[in-house]
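Q: Please read through the structure below; I'll follow up with questions.
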Amino acid sequence: MIYAVIAAFIFFLDMGIKNRIEKRMMDGEEKKLGNGFLLLRKYHNRGAFLNMGEKKSGFVAVLSIALTLAMTVLFLVTFSCRGSRLLKSGLALLLGGAYSNTYDRMRRHYVVDYVSFPVKNSTIRNIVFNISDFCIMIGALMMVLGSDQSTLHTAASGYPTK
């Protein structure tokens, strides 16, 4: 149950920030946060990571839905497993972020990104993220670190672990 709460928290937190950014910031506007450690800016990403697939946004949306559904099934299957907290936590983070970005793609037809890093390298400086992106990356890493073959095999077979 706690893992579903984590996923929902991420979804609603990110959606709240995205809605606020959409209402209060102009395109191209930039604000420094945390003594200049972060940049807040409004960016509409019509593709996937780094705007890949921008010209095929319909395909990106369908792929996003399919991957989110697959991760949801894996999330539900792992509920029957004891242990594997790292795997479940990673899935919760990943799903919270995936639901938020997928919702954006379906509702707005773009994903609202709003955070970047003020580094000298302009290529890196121009990459804009949202909280969901960070949760997806961290969640995927946690899933890899928390998965072992016996847990995944047992979950897939439908028998709870001991």
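All residue names refer to the structure tokens as shown: chains lettered A, B, ... in order, residues numbered from 1 in each chain, ligands numbered from 1 in order.
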Do a neighbour search on A:Val115 at 12 Å with only C-alpha atoms, toss out local chain neighbours closer than 5 positions, and write the hits as JSON, numbers by chain.
A: {"A": [14, 17, 18, 21, 29, 30, 31, 32, 33, 34, 36, 37, 38, 39, 40, 41, 42, 43, 44, 124, 125, 126, 127, 128, 129, 130, 131, 132, 133, 134]}
Q: Generate the output file for the selected residues, N, CA and C atoms, as an mmCIF file, in the first residue's frame.
A:
data_model
loop_
_atom_site.group_PDB
_atom_site.id
_atom_site.type_symbol
_atom_site.label_atom_id
_atom_site.label_comp_id
_atom_site.auth_asym_id
_atom_site.auth_seq_id
_atom_site.Cartn_x
_atom_site.Cartn_y
_atom_site.Cartn_z
ATOM 1 N N ASP A 14 4.172 16.379 -9.029
ATOM 2 C CA ASP A 14 4.650 16.835 -10.333
ATOM 3 C C ASP A 14 3.544 17.539 -11.117
ATOM 4 N N ILE A 17 3.128 21.053 -9.763
ATOM 5 C CA ILE A 17 4.196 21.948 -10.217
ATOM 6 C C ILE A 17 3.999 22.291 -11.688
ATOM 7 N N LYS A 18 3.688 21.304 -12.506
ATOM 8 C CA LYS A 18 3.470 21.554 -13.939
ATOM 9 C C LYS A 18 2.337 22.553 -14.156
ATOM 10 N N ILE A 21 3.572 26.017 -13.206
ATOM 11 C CA ILE A 21 4.489 26.522 -14.237
ATOM 12 C C ILE A 21 3.698 27.008 -15.441
ATOM 13 N N GLU A 29 10.947 32.244 -20.114
ATOM 14 C CA GLU A 29 11.265 32.883 -18.840
ATOM 15 C C GLU A 29 12.132 31.940 -18.014
ATOM 16 N N GLU A 30 13.060 32.521 -17.262
ATOM 17 C CA GLU A 30 14.000 31.721 -16.478
ATOM 18 C C GLU A 30 14.177 32.346 -15.100
ATOM 19 N N LYS A 31 14.148 31.506 -14.057
ATOM 20 C CA LYS A 31 14.352 31.973 -12.687
ATOM 21 C C LYS A 31 15.391 31.080 -12.022
ATOM 22 N N LYS A 32 16.255 31.689 -11.229
ATOM 23 C CA LYS A 32 17.252 30.923 -10.484
ATOM 24 C C LYS A 32 16.637 30.437 -9.180
ATOM 25 N N LEU A 33 16.941 29.196 -8.818
ATOM 26 C CA LEU A 33 16.480 28.602 -7.562
ATOM 27 C C LEU A 33 17.687 28.140 -6.749
ATOM 28 N N GLY A 34 17.522 28.125 -5.430
ATOM 29 C CA GLY A 34 18.569 27.582 -4.558
ATOM 30 C C GLY A 34 19.911 28.238 -4.757
ATOM 31 N N GLY A 36 21.011 29.804 -7.245
ATOM 32 C CA GLY A 36 21.512 29.570 -8.594
ATOM 33 C C GLY A 36 21.904 28.141 -8.886
ATOM 34 N N PHE A 37 21.612 27.222 -7.962
ATOM 35 C CA PHE A 37 21.946 25.806 -8.173
ATOM 36 C C PHE A 37 21.078 25.184 -9.265
ATOM 37 N N LEU A 38 19.840 25.651 -9.392
ATOM 38 C CA LEU A 38 18.900 25.165 -10.408
ATOM 39 C C LEU A 38 18.309 26.335 -11.171
ATOM 40 N N LEU A 39 17.870 26.067 -12.382
ATOM 41 C CA LEU A 39 17.133 27.038 -13.176
ATOM 42 C C LEU A 39 15.712 26.540 -13.362
ATOM 43 N N LEU A 40 14.769 27.418 -13.130
ATOM 44 C CA LEU A 40 13.358 27.103 -13.357
ATOM 45 C C LEU A 40 12.978 27.744 -14.674
ATOM 46 N N ARG A 41 12.473 26.937 -15.601
ATOM 47 C CA ARG A 41 12.040 27.454 -16.899
ATOM 48 C C ARG A 41 10.899 26.604 -17.429
ATOM 49 N N LYS A 42 10.123 27.161 -18.284
ATOM 50 C CA LYS A 42 8.971 26.454 -18.863
ATOM 51 C C LYS A 42 9.362 25.945 -20.242
ATOM 52 N N TYR A 43 9.192 24.634 -20.425
ATOM 53 C CA TYR A 43 9.526 24.031 -21.716
ATOM 54 C C TYR A 43 8.493 22.971 -22.051
ATOM 55 N N HIS A 44 8.004 22.965 -23.260
ATOM 56 C CA HIS A 44 7.043 21.964 -23.724
ATOM 57 C C HIS A 44 7.776 20.934 -24.575
ATOM 58 N N ILE A 124 24.328 20.775 -21.992
ATOM 59 C CA ILE A 124 23.740 20.271 -20.748
ATOM 60 C C ILE A 124 22.795 21.307 -20.148
ATOM 61 N N ARG A 125 23.180 22.562 -20.225
ATOM 62 C CA ARG A 125 22.347 23.648 -19.677
ATOM 63 C C ARG A 125 20.969 23.692 -20.348
ATOM 64 N N ASN A 126 20.894 23.334 -21.615
ATOM 65 C CA ASN A 126 19.634 23.406 -22.357
ATOM 66 C C ASN A 126 18.721 22.208 -22.146
ATOM 67 N N ILE A 127 19.175 21.181 -21.440
ATOM 68 C CA ILE A 127 18.318 20.036 -21.142
ATOM 69 C C ILE A 127 17.405 20.431 -19.984
ATOM 70 N N VAL A 128 16.105 20.250 -20.183
ATOM 71 C CA VAL A 128 15.125 20.633 -19.173
ATOM 72 C C VAL A 128 14.399 19.372 -18.713
ATOM 73 N N PHE A 129 14.278 19.205 -17.404
ATOM 74 C CA PHE A 129 13.674 18.028 -16.788
ATOM 75 C C PHE A 129 12.431 18.426 -16.006
ATOM 76 N N ASN A 130 11.758 17.415 -15.472
ATOM 77 C CA ASN A 130 10.727 17.621 -14.455
ATOM 78 C C ASN A 130 10.962 16.576 -13.360
ATOM 79 N N ILE A 131 10.228 16.674 -12.282
ATOM 80 C CA ILE A 131 10.406 15.720 -11.178
ATOM 81 C C ILE A 131 10.162 14.289 -11.643
ATOM 82 N N SER A 132 9.202 14.101 -12.518
ATOM 83 C CA SER A 132 8.916 12.758 -13.026
ATOM 84 C C SER A 132 10.123 12.149 -13.722
ATOM 85 N N ASP A 133 10.846 12.949 -14.487
ATOM 86 C CA ASP A 133 12.034 12.442 -15.173
ATOM 87 C C ASP A 133 13.062 11.914 -14.170
ATOM 88 N N PHE A 134 13.288 12.676 -13.101
ATOM 89 C CA PHE A 134 14.232 12.226 -12.071
ATOM 90 C C PHE A 134 13.735 10.952 -11.394
#
Q: What residues in stretch 78-120 of chain A get the DSSP label alpha helix (DSSP H)? Please answer as JSON, numbers by chain.
A: {"A": [78, 85, 86, 87, 88, 89, 90, 91, 92, 93, 94, 95, 96, 97, 98, 99, 100, 101, 102, 103, 104, 105, 106, 107]}
Q: Tell me, in Å to one decimal, how far atom CA of A:Gly97 is from atom CA of A:Arg46.
A: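 Computed distance, atom CA of A:Gly97 to atom CA of A:Arg46, equals 16.5 Å.
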Q: Enumerate, as a list in words, the complete set of residues in stretch 75-148 of chain A that a backbone-based DSSP assignment places in strand (DSSP E).
A: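 In stretch 75-148 of chain A, DSSP puts these residues in strand (DSSP E): Val111, Val112, Asp113, Tyr114, Val115 and Ser116 of chain A.
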Q: With all heavy atoms retained, could you export that selection as a compact mmCIF listing (two decimals), in the first residue's frame?
A:
# COMPACT_ATOMS: atom_id res chain seq x y z
N VAL A 111 4.81 17.27 -22.80
CA VAL A 111 5.17 17.13 -21.38
C VAL A 111 5.77 18.45 -20.93
O VAL A 111 6.63 19.02 -21.61
CB VAL A 111 6.17 15.97 -21.16
CG1 VAL A 111 6.65 15.93 -19.71
CG2 VAL A 111 5.54 14.65 -21.55
N VAL A 112 5.31 18.94 -19.79
CA VAL A 112 5.85 20.18 -19.23
C VAL A 112 7.13 19.85 -18.46
O VAL A 112 7.09 19.09 -17.50
CB VAL A 112 4.83 20.87 -18.29
CG1 VAL A 112 5.43 22.14 -17.68
CG2 VAL A 112 3.53 21.17 -19.03
N ASP A 113 8.23 20.40 -18.92
CA ASP A 113 9.51 20.29 -18.22
C ASP A 113 9.84 21.65 -17.65
O ASP A 113 9.45 22.68 -18.20
CB ASP A 113 10.61 19.83 -19.18
CG ASP A 113 10.45 18.37 -19.60
OD1 ASP A 113 9.94 17.58 -18.80
OD2 ASP A 113 10.86 18.04 -20.73
N TYR A 114 10.60 21.68 -16.53
CA TYR A 114 10.77 22.96 -15.85
C TYR A 114 12.06 23.14 -15.07
O TYR A 114 12.27 24.19 -14.47
CB TYR A 114 9.58 23.22 -14.92
CG TYR A 114 9.23 22.06 -14.02
CD1 TYR A 114 9.91 21.84 -12.83
CD2 TYR A 114 8.22 21.17 -14.37
CE1 TYR A 114 9.60 20.78 -12.02
CE2 TYR A 114 7.89 20.11 -13.56
CZ TYR A 114 8.59 19.91 -12.39
OH TYR A 114 8.27 18.85 -11.59
N VAL A 115 12.94 22.19 -15.02
CA VAL A 115 14.17 22.31 -14.22
C VAL A 115 15.38 22.02 -15.10
O VAL A 115 15.39 21.05 -15.85
CB VAL A 115 14.17 21.32 -13.03
CG1 VAL A 115 15.52 21.29 -12.35
CG2 VAL A 115 13.10 21.68 -12.04
N SER A 116 16.40 22.87 -14.98
CA SER A 116 17.67 22.60 -15.65
C SER A 116 18.80 23.04 -14.74
O SER A 116 18.57 23.65 -13.70
CB SER A 116 17.74 23.29 -17.02
OG SER A 116 17.63 24.68 -16.88
Q: Rank A:Thr68, A:Thr78, A:Ser147, A:Asn19 by their smallest atom-to-atom distance to A:Tyr3, using only C-alpha atoms, and report the top residue only.
A: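 Checking each candidate against A:Tyr3, we get A:Thr78 as the closest.
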